[in-house]
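See structure below.
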Amino acid sequence: MSLAIVEKASLTDVGRQRQGNEDNYLEQSPLFAVADGMGGARAGEVASKVAVEKLGESGPFDGSPEQQLAEVTKQANRQIYEMAQSDSALAGMGTTLTAALVTGREVVIGHVGDSRVYRFRDGELERLTQDHSLVEEFVRQGKLTPEEAENHPQRSIITRALGPEPDVDVETYTHAGRDGDVYLLCSDGLTGMVPEPRIAEILRESPSLDQAAHKLIDAANENGGKDNITAVLFRLADSDGHDDEDDTLGDQATETGISAHEVREAVRDSQATMVVRPAEAQAAPATRRPSTVDRRPSSPSRFRRNVTAAIVLLVAAAVIVGLYAGSRKFYFLGTNDRGVLTLYRGVPYSLPLGVHLYTKSYASSVPARAVPPRQRDHVLAHKLRTKDDANGLLRQLERSYVQR
């Protein structure tokens, strides 16, 4: 007995802080995909569009479904790479691509980048993909906790994407499907804004996938909407006794405190291409509880505890102010959410509660991808510099870029 796709819904939104939408998606049963583009001058939109169109136009291949997804993804990568090499306006463009193919009683996944696939089964949400990102690599190595990774200054670096190199490694998986499963494919504009428990809650309480898609987009925007947001959902059911909305392929397709050296080593060890893309995560607002008033007289011990807590808070505040003030004498080079070289004032770290020890000073016109790989590795090492040194280096890179 095969599984059928009995419900589906897709929605994309520009978010609240972007001028254009570089996300694209495919809803072509039994094939679904999300692509999150990157690159200036609308190049990211071009890359993501090429990826999903290539996937949608693909015909049958010899081999397993996993091989099919990997092969067409590599073809899309080659096309995007060649376009970027032949057109300077598209230099540095790239895209993630995460796809799901329903075949028989299985769901096959092809994955490059940090867009994700989730499975919602029996009221529980499970992530089925691993991000190809620097901080996730550090989490796997035990150098960062998942909580530290959410606010790490290098969380915008992904280690694998379509476009930057002529060849790409495609990660593939096959999962057994079950009656009632719901699958969610999404860009990091959703997962960077909405925590997984809230995503699960929305899926539980939504009477339809269409409503779920709208609620997910709304939640991301309510929490800041810092990036483009895309959600693609589909529901599976046993084909017997259901009016199938779509056919399946059936049996036809038989890392706080990480040094710059460790950054380079992690990228090199994974044989990955370092790609900088926007991923400014924001924690969901905490649930507010009704306040209560205790009118009993304060005991001496309670008074001492209150004084101690106040002192601790004052000391912590003084430390944060001191760190921030001290960081203002330094500068470093990084990238902004458009992937161009940017001058930052401060040090490349964040404290708890979303306190950043750096601010953006100047954004250049030079895409990070336009810098030769060895030089780029040096430039983006987050080395602390004086203002004159950092400015001089950035101006030199701008002149080199213009002369090309």
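Residues in the structure tokens are numbered from 1 in each chain, the chains being A, B, ... in the order shown, and ligands are numbered from 1 in the order shown.
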Could you please write out, as JSON, numbers by chain, every residue of stretch 36-269 of chain A that DSSP assigns to strand (DSSP E or B)? {"A": [36, 37, 38, 94, 95, 97, 98, 99, 100, 101, 102, 103, 106, 107, 108, 109, 110, 111, 112, 116, 117, 118, 119, 120, 121, 124, 125, 126, 127, 133, 157, 158, 162, 171, 172, 173, 174, 175, 176, 182, 183, 184, 185, 186, 229, 230, 231, 232, 233, 234, 235, 236, 237, 238, 246]}
Mind checking which residues fall within 7 Å of A:Val72, counting only C-alpha atoms, ignoring those fewer than 4 positions away in the same chain, and posting them as a VMD selection string? chain A and resid 55 58 68 76
Determine which residues of stretch 122-263 of chain A receive a DSSP assignment of alpha helix (DSSP H), computed from the backbone, and state them as a PDB file with C-alpha atoms, in the first residue's frame.
```pdb
ATOM      1  CA  LEU A 134      30.003  26.440  10.673  1.00  0.00           C
ATOM      2  CA  VAL A 135      28.309  26.675  14.047  1.00  0.00           C
ATOM      3  CA  GLU A 136      26.484  23.370  13.562  1.00  0.00           C
ATOM      4  CA  GLU A 137      29.832  21.749  12.828  1.00  0.00           C
ATOM      5  CA  PHE A 138      31.126  23.181  16.100  1.00  0.00           C
ATOM      6  CA  VAL A 139      28.048  21.820  17.899  1.00  0.00           C
ATOM      7  CA  ARG A 140      28.717  18.356  16.467  1.00  0.00           C
ATOM      8  CA  PRO A 146      22.980  24.537  20.618  1.00  0.00           C
ATOM      9  CA  GLU A 147      22.110  27.578  22.745  1.00  0.00           C
ATOM     10  CA  GLU A 148      25.523  29.183  22.117  1.00  0.00           C
ATOM     11  CA  ALA A 149      25.224  28.454  18.400  1.00  0.00           C
ATOM     12  CA  GLU A 150      21.988  30.442  18.175  1.00  0.00           C
ATOM     13  CA  ASP A 188      16.193  29.759   7.828  1.00  0.00           C
ATOM     14  CA  GLY A 189      14.066  32.895   7.781  1.00  0.00           C
ATOM     15  CA  LEU A 190      11.544  30.757   9.671  1.00  0.00           C
ATOM     16  CA  THR A 191      13.839  28.738  11.943  1.00  0.00           C
ATOM     17  CA  GLU A 196      11.075  24.604  17.218  1.00  0.00           C
ATOM     18  CA  PRO A 197       8.645  24.192  20.168  1.00  0.00           C
ATOM     19  CA  ARG A 198       6.567  27.055  18.764  1.00  0.00           C
ATOM     20  CA  ILE A 199       6.631  25.523  15.263  1.00  0.00           C
ATOM     21  CA  ALA A 200       5.313  22.272  16.736  1.00  0.00           C
ATOM     22  CA  GLU A 201       2.616  24.152  18.651  1.00  0.00           C
ATOM     23  CA  ILE A 202       1.437  25.882  15.473  1.00  0.00           C
ATOM     24  CA  LEU A 203       1.223  22.561  13.624  1.00  0.00           C
ATOM     25  CA  ARG A 204      -0.750  21.006  16.472  1.00  0.00           C
ATOM     26  CA  GLU A 205      -3.308  23.792  16.714  1.00  0.00           C
ATOM     27  CA  LEU A 209      -1.877  23.117   6.428  1.00  0.00           C
ATOM     28  CA  ASP A 210      -2.826  26.358   4.711  1.00  0.00           C
ATOM     29  CA  GLN A 211      -3.588  27.953   8.061  1.00  0.00           C
ATOM     30  CA  ALA A 212      -0.398  26.477   9.501  1.00  0.00           C
ATOM     31  CA  ALA A 213       1.678  28.055   6.723  1.00  0.00           C
ATOM     32  CA  HIS A 214       0.150  31.478   7.364  1.00  0.00           C
ATOM     33  CA  LYS A 215       0.649  31.180  11.132  1.00  0.00           C
ATOM     34  CA  LEU A 216       4.295  30.184  10.696  1.00  0.00           C
ATOM     35  CA  ILE A 217       4.975  33.199   8.475  1.00  0.00           C
ATOM     36  CA  ASP A 218       3.127  35.498  10.883  1.00  0.00           C
ATOM     37  CA  ALA A 219       5.126  34.159  13.853  1.00  0.00           C
ATOM     38  CA  ALA A 220       8.434  34.803  12.073  1.00  0.00           C
ATOM     39  CA  ASN A 221       7.401  38.360  11.249  1.00  0.00           C
ATOM     40  CA  GLU A 222       6.151  39.006  14.778  1.00  0.00           C
ATOM     41  CA  ALA A 260      39.911  32.075  13.803  1.00  0.00           C
ATOM     42  CA  HIS A 261      42.313  29.157  13.353  1.00  0.00           C
ATOM     43  CA  GLU A 262      39.594  26.698  14.425  1.00  0.00           C
ATOM     44  CA  VAL A 263      37.195  28.329  11.956  1.00  0.00           C
TER      45      VAL A 263
END
```
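In this structure, atom CA of A:Thr230 sits 8.6 Å away from atom CA of A:Asp36.
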Give me, as a list in words, all polymer residues having an atom no more than 6 Å from stretch 375-386 of chain A, counting only C-alpha atoms and skipping those fewer than 5 positions away in the same chain. Ala260, Phe330, Tyr331, Phe332 and Gly334 of chain A
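For the atom pair formed by atom CA of A:Ala100 and atom CA of A:Lys226, the distance is 25.9 Å, given to one decimal.
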Restricting the calculation to only C-alpha atoms: of A:Asn151, A:Ser115, A:Thr103, A:Gln79, which residue gets closest to A:Ala33? A:Ser115
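Counting from atom CA of A:Glu398, the distance to atom CA of A:Asn336 is 15.5 Å.
Nearest residue to A:Val6 among A:Phe234, A:Tyr362, A:Tyr173, A:Tyr344 is A:Phe234, counting only C-alpha atoms.
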Using only C-alpha atoms, determine which residues lie at most 9 Å from A:Arg369, disregarding the query and same-chain residues fewer than 6 positions distant; provide the list as a list in words. Gly39, Ala91, Gly92, Met93, Pro164, Val275, Val276, Gly339, Val340 and Arg376 of chain A
Could the residues in this selection be saved with C-alpha atoms as a PDB file, in the first residue's frame?
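Saved as selection04.pdb:
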```pdb
ATOM      1  CA  GLY A  39      24.260  37.340  -3.392  1.00  0.00           C
ATOM      2  CA  ALA A  91      29.422  36.976  -9.167  1.00  0.00           C
ATOM      3  CA  GLY A  92      29.237  35.354  -5.769  1.00  0.00           C
ATOM      4  CA  MET A  93      25.672  34.142  -6.060  1.00  0.00           C
ATOM      5  CA  PRO A 164      30.294  28.894  -5.281  1.00  0.00           C
ATOM      6  CA  VAL A 275      29.714  31.062   2.198  1.00  0.00           C
ATOM      7  CA  VAL A 276      28.460  34.024   4.188  1.00  0.00           C
ATOM      8  CA  GLY A 339      27.217  38.964   1.717  1.00  0.00           C
ATOM      9  CA  VAL A 340      29.397  42.041   1.060  1.00  0.00           C
ATOM     10  CA  ARG A 376      39.191  35.817   1.827  1.00  0.00           C
TER      11      ARG A 376
END
```
Considering only C-alpha atoms, return as a PDB file with C-alpha atoms, in the first residue's frame whatever protein or nucleic-acid residues lie within 7 Å of A:His175, sequence-local ones (same chain, fewer than 6 positions apart) excluded.
```pdb
ATOM      1  CA  GLU A 106       9.205   6.487   1.680  1.00  0.00           C
ATOM      2  CA  VAL A 107      10.237  10.135   1.670  1.00  0.00           C
ATOM      3  CA  VAL A 108      13.602  10.819   0.058  1.00  0.00           C
TER       4      VAL A 108
END
```
Selection: 12 Å around stretch 21-23 of chain A, only C-alpha atoms, excl. self and same-chain fewer than 5 positions, as a PDB file with N, CA and C atoms, in the first residue's frame:
```
ATOM      1  N   LEU A  11       3.939  28.806   1.156  1.00  0.00           N
ATOM      2  CA  LEU A  11       3.840  30.247   1.321  1.00  0.00           C
ATOM      3  C   LEU A  11       5.238  30.831   1.495  1.00  0.00           C
ATOM      4  N   THR A  12       5.488  31.967   0.857  1.00  0.00           N
ATOM      5  CA  THR A  12       6.749  32.686   1.035  1.00  0.00           C
ATOM      6  C   THR A  12       6.456  34.148   1.285  1.00  0.00           C
ATOM      7  N   ASP A  13       7.356  34.792   2.046  1.00  0.00           N
ATOM      8  CA  ASP A  13       7.133  36.184   2.433  1.00  0.00           C
ATOM      9  C   ASP A  13       8.481  36.891   2.497  1.00  0.00           C
ATOM     10  N   VAL A  14       8.508  38.164   2.115  1.00  0.00           N
ATOM     11  CA  VAL A  14       9.757  38.916   2.072  1.00  0.00           C
ATOM     12  C   VAL A  14      10.295  39.208   3.463  1.00  0.00           C
ATOM     13  N   GLY A  15       9.439  39.137   4.489  1.00  0.00           N
ATOM     14  CA  GLY A  15       9.855  39.496   5.837  1.00  0.00           C
ATOM     15  C   GLY A  15       9.725  40.996   6.053  1.00  0.00           C
ATOM     16  N   ARG A  16      10.261  41.467   7.165  1.00  0.00           N
ATOM     17  CA  ARG A  16      10.076  42.872   7.544  1.00  0.00           C
ATOM     18  C   ARG A  16      11.314  43.738   7.344  1.00  0.00           C
ATOM     19  N   ALA A  33      10.384  21.428  -2.702  1.00  0.00           N
ATOM     20  CA  ALA A  33      11.721  21.950  -2.431  1.00  0.00           C
ATOM     21  C   ALA A  33      11.648  23.388  -1.955  1.00  0.00           C
ATOM     22  N   VAL A  34      12.697  23.793  -1.232  1.00  0.00           N
ATOM     23  CA  VAL A  34      12.902  25.180  -0.806  1.00  0.00           C
ATOM     24  C   VAL A  34      14.339  25.556  -1.138  1.00  0.00           C
ATOM     25  N   ALA A  35      14.519  26.742  -1.727  1.00  0.00           N
ATOM     26  CA  ALA A  35      15.847  27.255  -2.045  1.00  0.00           C
ATOM     27  C   ALA A  35      15.960  28.675  -1.501  1.00  0.00           C
ATOM     28  N   ASP A  36      17.031  28.944  -0.790  1.00  0.00           N
ATOM     29  CA  ASP A  36      17.264  30.249  -0.164  1.00  0.00           C
ATOM     30  C   ASP A  36      18.515  30.850  -0.791  1.00  0.00           C
ATOM     31  N   GLY A  37      18.317  31.855  -1.654  1.00  0.00           N
ATOM     32  CA  GLY A  37      19.427  32.423  -2.404  1.00  0.00           C
ATOM     33  C   GLY A  37      20.235  33.428  -1.629  1.00  0.00           C
ATOM     34  N   MET A  38      21.457  33.684  -2.102  1.00  0.00           N
ATOM     35  CA  MET A  38      22.338  34.679  -1.492  1.00  0.00           C
ATOM     36  C   MET A  38      23.161  35.340  -2.586  1.00  0.00           C
ATOM     37  N   GLY A  39      23.499  36.596  -2.392  1.00  0.00           N
ATOM     38  CA  GLY A  39      24.260  37.340  -3.392  1.00  0.00           C
ATOM     39  C   GLY A  39      23.594  38.671  -3.663  1.00  0.00           C
ATOM     40  N   GLY A  40      24.379  39.704  -3.913  1.00  0.00           N
ATOM     41  CA  GLY A  40      23.827  41.034  -4.110  1.00  0.00           C
ATOM     42  C   GLY A  40      23.183  41.213  -5.469  1.00  0.00           C
ATOM     43  N   ALA A  41      22.561  42.373  -5.652  1.00  0.00           N
ATOM     44  CA  ALA A  41      21.950  42.771  -6.933  1.00  0.00           C
ATOM     45  C   ALA A  41      21.001  41.708  -7.472  1.00  0.00           C
ATOM     46  N   ARG A  42      20.206  41.118  -6.583  1.00  0.00           N
ATOM     47  CA  ARG A  42      19.188  40.128  -6.938  1.00  0.00           C
ATOM     48  C   ARG A  42      19.781  38.831  -7.469  1.00  0.00           C
ATOM     49  N   ALA A  43      21.100  38.649  -7.321  1.00  0.00           N
ATOM     50  CA  ALA A  43      21.721  37.415  -7.797  1.00  0.00           C
ATOM     51  C   ALA A  43      21.226  36.198  -7.011  1.00  0.00           C
ATOM     52  N   GLY A  44      20.954  36.385  -5.720  1.00  0.00           N
ATOM     53  CA  GLY A  44      20.447  35.279  -4.919  1.00  0.00           C
ATOM     54  C   GLY A  44      19.105  34.792  -5.414  1.00  0.00           C
ATOM     55  N   GLU A  45      18.272  35.728  -5.840  1.00  0.00           N
ATOM     56  CA  GLU A  45      16.966  35.353  -6.395  1.00  0.00           C
ATOM     57  C   GLU A  45      17.135  34.535  -7.668  1.00  0.00           C
ATOM     58  N   VAL A  46      18.129  34.911  -8.482  1.00  0.00           N
ATOM     59  CA  VAL A  46      18.409  34.165  -9.714  1.00  0.00           C
ATOM     60  C   VAL A  46      18.854  32.745  -9.384  1.00  0.00           C
ATOM     61  N   ALA A  47      19.770  32.620  -8.418  1.00  0.00           N
ATOM     62  CA  ALA A  47      20.307  31.304  -8.066  1.00  0.00           C
ATOM     63  C   ALA A  47      19.222  30.375  -7.536  1.00  0.00           C
ATOM     64  N   SER A  48      18.384  30.862  -6.626  1.00  0.00           N
ATOM     65  CA  SER A  48      17.347  30.001  -6.061  1.00  0.00           C
ATOM     66  C   SER A  48      16.302  29.620  -7.109  1.00  0.00           C
ATOM     67  N   LYS A  49      16.014  30.550  -8.027  1.00  0.00           N
ATOM     68  CA  LYS A  49      15.049  30.252  -9.089  1.00  0.00           C
ATOM     69  C   LYS A  49      15.586  29.173 -10.025  1.00  0.00           C
ATOM     70  N   VAL A  50      16.868  29.287 -10.392  1.00  0.00           N
ATOM     71  CA  VAL A  50      17.481  28.270 -11.256  1.00  0.00           C
ATOM     72  C   VAL A  50      17.428  26.904 -10.580  1.00  0.00           C
ATOM     73  N   ALA A  51      17.691  26.874  -9.289  1.00  0.00           N
ATOM     74  CA  ALA A  51      17.723  25.597  -8.569  1.00  0.00           C
ATOM     75  C   ALA A  51      16.370  24.892  -8.592  1.00  0.00           C
ATOM     76  N   VAL A  52      15.299  25.628  -8.254  1.00  0.00           N
ATOM     77  CA  VAL A  52      13.997  24.968  -8.199  1.00  0.00           C
ATOM     78  C   VAL A  52      13.471  24.652  -9.600  1.00  0.00           C
ATOM     79  N   MET A  93      27.014  34.615  -6.396  1.00  0.00           N
ATOM     80  CA  MET A  93      25.672  34.142  -6.060  1.00  0.00           C
ATOM     81  C   MET A  93      25.696  32.663  -5.685  1.00  0.00           C
ATOM     82  N   GLY A  94      24.728  32.281  -4.904  1.00  0.00           N
ATOM     83  CA  GLY A  94      24.598  30.888  -4.493  1.00  0.00           C
ATOM     84  C   GLY A  94      23.236  30.671  -3.882  1.00  0.00           C
ATOM     85  N   THR A  95      22.954  29.444  -3.512  1.00  0.00           N
ATOM     86  CA  THR A  95      21.654  29.138  -2.913  1.00  0.00           C
ATOM     87  C   THR A  95      21.727  27.827  -2.145  1.00  0.00           C
ATOM     88  N   THR A  96      20.904  27.712  -1.137  1.00  0.00           N
ATOM     89  CA  THR A  96      20.658  26.413  -0.530  1.00  0.00           C
ATOM     90  C   THR A  96      19.653  25.675  -1.410  1.00  0.00           C
ATOM     91  N   LEU A  97      19.533  24.377  -1.218  1.00  0.00           N
ATOM     92  CA  LEU A  97      18.464  23.613  -1.867  1.00  0.00           C
ATOM     93  C   LEU A  97      18.156  22.399  -1.003  1.00  0.00           C
ATOM     94  N   THR A  98      16.927  22.313  -0.558  1.00  0.00           N
ATOM     95  CA  THR A  98      16.473  21.180   0.234  1.00  0.00           C
ATOM     96  C   THR A  98      15.182  20.660  -0.387  1.00  0.00           C
ATOM     97  N   SER A 115      18.711  25.350   4.826  1.00  0.00           N
ATOM     98  CA  SER A 115      17.258  25.183   4.849  1.00  0.00           C
ATOM     99  C   SER A 115      16.983  23.802   5.457  1.00  0.00           C
ATOM    100  N   CYS A 186      11.528  24.393   4.997  1.00  0.00           N
ATOM    101  CA  CYS A 186      11.527  25.823   5.283  1.00  0.00           C
ATOM    102  C   CYS A 186      12.922  26.413   5.153  1.00  0.00           C
ATOM    103  N   SER A 187      12.954  27.716   4.894  1.00  0.00           N
ATOM    104  CA  SER A 187      14.214  28.449   4.869  1.00  0.00           C
ATOM    105  C   SER A 187      14.551  28.904   6.283  1.00  0.00           C
ATOM    106  N   ASP A 188      15.795  29.378   6.481  1.00  0.00           N
ATOM    107  CA  ASP A 188      16.193  29.759   7.828  1.00  0.00           C
ATOM    108  C   ASP A 188      15.556  31.072   8.265  1.00  0.00           C
ATOM    109  N   GLY A 189      14.846  31.739   7.369  1.00  0.00           N
ATOM    110  CA  GLY A 189      14.066  32.895   7.781  1.00  0.00           C
ATOM    111  C   GLY A 189      12.956  32.519   8.740  1.00  0.00           C
ATOM    112  N   LEU A 190      12.523  31.258   8.707  1.00  0.00           N
ATOM    113  CA  LEU A 190      11.544  30.757   9.671  1.00  0.00           C
ATOM    114  C   LEU A 190      12.247  30.266  10.938  1.00  0.00           C
ATOM    115  N   LYS A 226      13.579  39.096  10.122  1.00  0.00           N
ATOM    116  CA  LYS A 226      14.847  39.640   9.637  1.00  0.00           C
ATOM    117  C   LYS A 226      15.263  39.095   8.271  1.00  0.00           C
ATOM    118  N   ASP A 227      14.639  38.014   7.821  1.00  0.00           N
ATOM    119  CA  ASP A 227      15.033  37.393   6.557  1.00  0.00           C
ATOM    120  C   ASP A 227      13.774  37.012   5.790  1.00  0.00           C
ATOM    121  N   ASN A 228      13.951  36.628   4.535  1.00  0.00           N
ATOM    122  CA  ASN A 228      12.836  36.066   3.775  1.00  0.00           C
ATOM    123  C   ASN A 228      12.381  34.776   4.448  1.00  0.00           C
ATOM    124  N   ILE A 229      11.099  34.486   4.359  1.00  0.00           N
ATOM    125  CA  ILE A 229      10.512  33.347   5.082  1.00  0.00           C
ATOM    126  C   ILE A 229       9.740  32.474   4.104  1.00  0.00           C
ATOM    127  N   THR A 230      10.039  31.191   4.071  1.00  0.00           N
ATOM    128  CA  THR A 230       9.326  30.263   3.193  1.00  0.00           C
ATOM    129  C   THR A 230       8.985  28.990   3.945  1.00  0.00           C
ATOM    130  N   ALA A 231       7.758  28.517   3.777  1.00  0.00           N
ATOM    131  CA  ALA A 231       7.303  27.263   4.389  1.00  0.00           C
ATOM    132  C   ALA A 231       6.532  26.454   3.354  1.00  0.00           C
ATOM    133  N   VAL A 232       6.908  25.193   3.182  1.00  0.00           N
ATOM    134  CA  VAL A 232       6.227  24.260   2.284  1.00  0.00           C
ATOM    135  C   VAL A 232       5.830  23.046   3.117  1.00  0.00           C
ATOM    136  N   ARG A 277      26.110  34.246   4.582  1.00  0.00           N
ATOM    137  CA  ARG A 277      24.753  34.587   4.222  1.00  0.00           C
ATOM    138  C   ARG A 277      24.030  35.109   5.452  1.00  0.00           C
ATOM    139  N   PRO A 278      22.927  35.830   5.269  1.00  0.00           N
ATOM    140  CA  PRO A 278      22.220  36.390   6.419  1.00  0.00           C
ATOM    141  C   PRO A 278      21.575  35.306   7.243  1.00  0.00           C
ATOM    142  N   ARG A 338      23.855  40.936   3.093  1.00  0.00           N
ATOM    143  CA  ARG A 338      23.886  40.797   1.641  1.00  0.00           C
ATOM    144  C   ARG A 338      25.154  40.101   1.154  1.00  0.00           C
TER     145      ARG A 338
END
```
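Counting only C-alpha atoms, the residue from A:Ala237, A:Leu343, A:Val182, A:Ile80 that sits nearest to A:Met1 is A:Ala237.
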Point out the residue among A:Ser29, A:Ser365, A:Ile158, A:Leu185 with the least atom-to-atom distance to A:Glu7, counting only C-alpha atoms. A:Ser29
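Shortest separation to A:Leu125 among A:Leu393, A:Ile109, A:Gln85, A:Tyr183 occurs at residue A:Tyr183, atoms counted being only C-alpha atoms.
Take the candidates A:Ala363, A:Leu333, A:Leu184, A:Leu236 and check each one against A:Lys387 using only C-alpha atoms; the shortest distance goes to A:Leu333.
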